[in-house]
Amino acid sequence: MYRRRVPNLPPLASLRAFEAAARHLSFRAAAEELSVTQSAISHQIAELEKRLGVKLFDRHSRRVELTAAGAQYHPFLRDAFDRIAQGTLLVTSTAAGRELDVQVYVTLAVRWLIPRLHTFTAAHPEIRVRFDTSHRGWEFDENDSDVGIVFTGHADRPSLHYTHLLDDQLTPVYSPKLKPLRTPADLLAFPLLQLFTAPEDWPRWLEAANLPASPTSTLSFDNYLLALESAVDGQGVAIVPRFLAAPDLRNGRLVAPFQIDMPNLKSWYLVCRSERRDDPRIVAFGEWLRQEISNGVA
């Protein structure tokens, strides 16, 4: 029987150290990614260079550069690790069933996603969706979730794949319990509700309405859901994405008094690890999201 000859490969740890350092062009960043010390990365790469008999990096006082040999070697290792990750994903997703962990902001889940989810589960009964709304920050946690719906102005993390979903408009909303707002200037008599994670929302809208861009009376929250509920309760006027307020606008719990909508500085994206972009569960979920958005977000 023919047996394929396997070359005497360098240790996996040294290959991983080199691939990460070559990708980041930084021993420090590679150490952080692999959860080891910077000296361990340096040692692993030095051992690899000794084993191969070639220099892979030119080391400078505060940076490193790939040599010609290092630049030639890196694409092969990058492809090899990508293929290992894809194979691991295939095996583990089959063994773990069809559960899809989705990181999503609580406001989006409550106000938009959950009311529509029955159409996804009807089309894909084999995929069990599990939501994680515990993240306060805007960053996707690629270690704990399969896919996320994130709201960001910086869709540029190199290890992640982003699919643009939606741009939205900011608009003021308030409860009909309050005194009617006739002109934008009437806003200045009410508490203005906003996110402390998005302090620019009100100043940008007020400036567009030719009003002082430094509101003096505000209440701040960490998510739009709390701002919306506070507005429904009559505690002030909230500045929110219009599509998140749509259910309350339809049922009369909130009123949008003005036709001045301000484009948001951030956008909504579907995000996952780059090597998982072709996972059938993520592809199905992304296609469903885009179809729902094309049907109208309100």
# chains A, B, ... in the order shown; residues from 1 in each chain; ligands from 1
>>> residues_around(residues="Asn210 in chain A", least_positions_apart="6", cutoff="12 Å", atoms="only C-alpha atoms", output="list in words")
Thr183, Pro184, Ala185, Pro203, Arg204 and Ile260 of chain A
>>> write_last_selection(atoms="C-alpha atoms", output="PDB file, in the first residue's frame")
ATOM      1  CA  THR A 183     -41.760  73.459  17.257  1.00  0.00           C
ATOM      2  CA  PRO A 184     -38.262  72.065  17.892  1.00  0.00           C
ATOM      3  CA  ALA A 185     -37.634  74.963  20.280  1.00  0.00           C
ATOM      4  CA  PRO A 203     -26.266  67.737  19.951  1.00  0.00           C
ATOM      5  CA  ARG A 204     -26.237  66.590  16.306  1.00  0.00           C
ATOM      6  CA  ILE A 260     -36.239  66.148  11.050  1.00  0.00           C
TER       7      ILE A 260
END
>>> closest_atom_pairs(of="range 9-85 of chain A", to="range 275-282 of chain A", cutoff="10 Å", atoms="only C-alpha atoms", output="tab-separated table")
residue	atom	partner	partner_atom	distance
A:Phe81	CA	A:Glu275	CA	9.7
A:Asp82	CA	A:Glu275	CA	6.3
A:Arg83	CA	A:Glu275	CA	8.4
A:Ile84	CA	A:Glu275	CA	9.8
A:Ala85	CA	A:Glu275	CA	6.9
>>> residues_around(residues="range 33-39 of chain A", least_positions_apart="3", cutoff="10 Å", atoms="only C-alpha atoms", output="PDB file with C-alpha atoms, in the first residue's frame")
ATOM      1  CA  ALA A  13       3.411  25.987  18.732  1.00  0.00           C
ATOM      2  CA  ARG A  16       1.265  29.341  15.456  1.00  0.00           C
ATOM      3  CA  ALA A  17       3.617  31.899  17.006  1.00  0.00           C
ATOM      4  CA  ALA A  20       0.265  35.319  14.512  1.00  0.00           C
ATOM      5  CA  ALA A  21       3.382  37.511  14.628  1.00  0.00           C
ATOM      6  CA  HIS A  24       0.147  41.398  13.252  1.00  0.00           C
ATOM      7  CA  SER A  26       4.117  42.448  16.232  1.00  0.00           C
ATOM      8  CA  PHE A  27       5.429  39.948  18.767  1.00  0.00           C
ATOM      9  CA  ARG A  28       3.438  41.725  21.491  1.00  0.00           C
ATOM     10  CA  ALA A  29       0.113  41.460  19.628  1.00  0.00           C
ATOM     11  CA  ALA A  30       0.826  37.803  18.817  1.00  0.00           C
ATOM     12  CA  SER A  42      10.302  35.451  20.488  1.00  0.00           C
ATOM     13  CA  HIS A  43      11.721  32.120  21.679  1.00  0.00           C
ATOM     14  CA  GLN A  44       9.331  30.060  19.514  1.00  0.00           C
ATOM     15  CA  ILE A  45      10.181  32.072  16.414  1.00  0.00           C
TER      16      ILE A  45
END
>>> residues_around(residues="Thr107 in chain A", least_positions_apart="2", cutoff="7 Å", atoms="only C-alpha atoms", output="compact mmCIF listing (two decimals) with N, CA and C atoms, in the first residue's frame")
# COMPACT_ATOMS: atom_id res chain seq x y z
N TYR A 105 -27.98 43.23 20.96
CA TYR A 105 -28.34 44.22 21.97
C TYR A 105 -29.78 43.99 22.40
N ALA A 109 -33.25 43.13 20.25
CA ALA A 109 -33.93 41.85 20.45
C ALA A 109 -35.39 42.06 20.80
N VAL A 110 -35.65 42.94 21.75
CA VAL A 110 -37.02 43.14 22.24
C VAL A 110 -37.89 43.87 21.22
N ARG A 111 -37.34 44.94 20.63
CA ARG A 111 -38.15 45.82 19.78
C ARG A 111 -38.26 45.38 18.33
N ASN A 223 -28.75 52.01 27.25
CA ASN A 223 -29.32 51.38 26.05
C ASN A 223 -30.60 52.09 25.65
N TYR A 224 -30.97 51.91 24.38
CA TYR A 224 -32.16 52.58 23.86
C TYR A 224 -33.45 52.06 24.48
N LEU A 225 -33.46 50.81 24.92
CA LEU A 225 -34.68 50.27 25.52
C LEU A 225 -35.08 51.08 26.75
>>> atom_distance(atom1="CA of Asp168 in chain A", atom2="CA of Leu265 in chain A")
8.9 Å
>>> atom_distance(atom1="CA of Pro257 in chain A", atom2="CA of Leu228 in chain A")
15.0 Å
>>> closest_residue(among="A:Leu48, A:Leu165, A:Val102, A:Ala22", to="Asn143 in chain A", atoms="only C-alpha atoms")
A:Val102
>>> residues_around(residues="Trp288 in chain A", least_positions_apart="3", cutoff="12 Å", atoms="only C-alpha atoms", output="list in words")
Leu113, Arg116, Leu117, His118, Thr119, Phe120, Thr121, Ala122, Ala123, His124, Leu165, Leu270, Arg281, Ile282, Val283, Ala284, Phe285, Gln291, Glu292, Ile293, Ser294 and Asn295 of chain A
>>> atom_distance(atom1="CA of Phe140 in chain A", atom2="CA of Gln194 in chain A")
22.9 Å
>>> select_by_dssp(residues="range 146-243 of chain A", states="strand (DSSP E or B)", output="PyMOL selection string")
chain A and resi 147-152+160-174+192-195+218-221+237-241
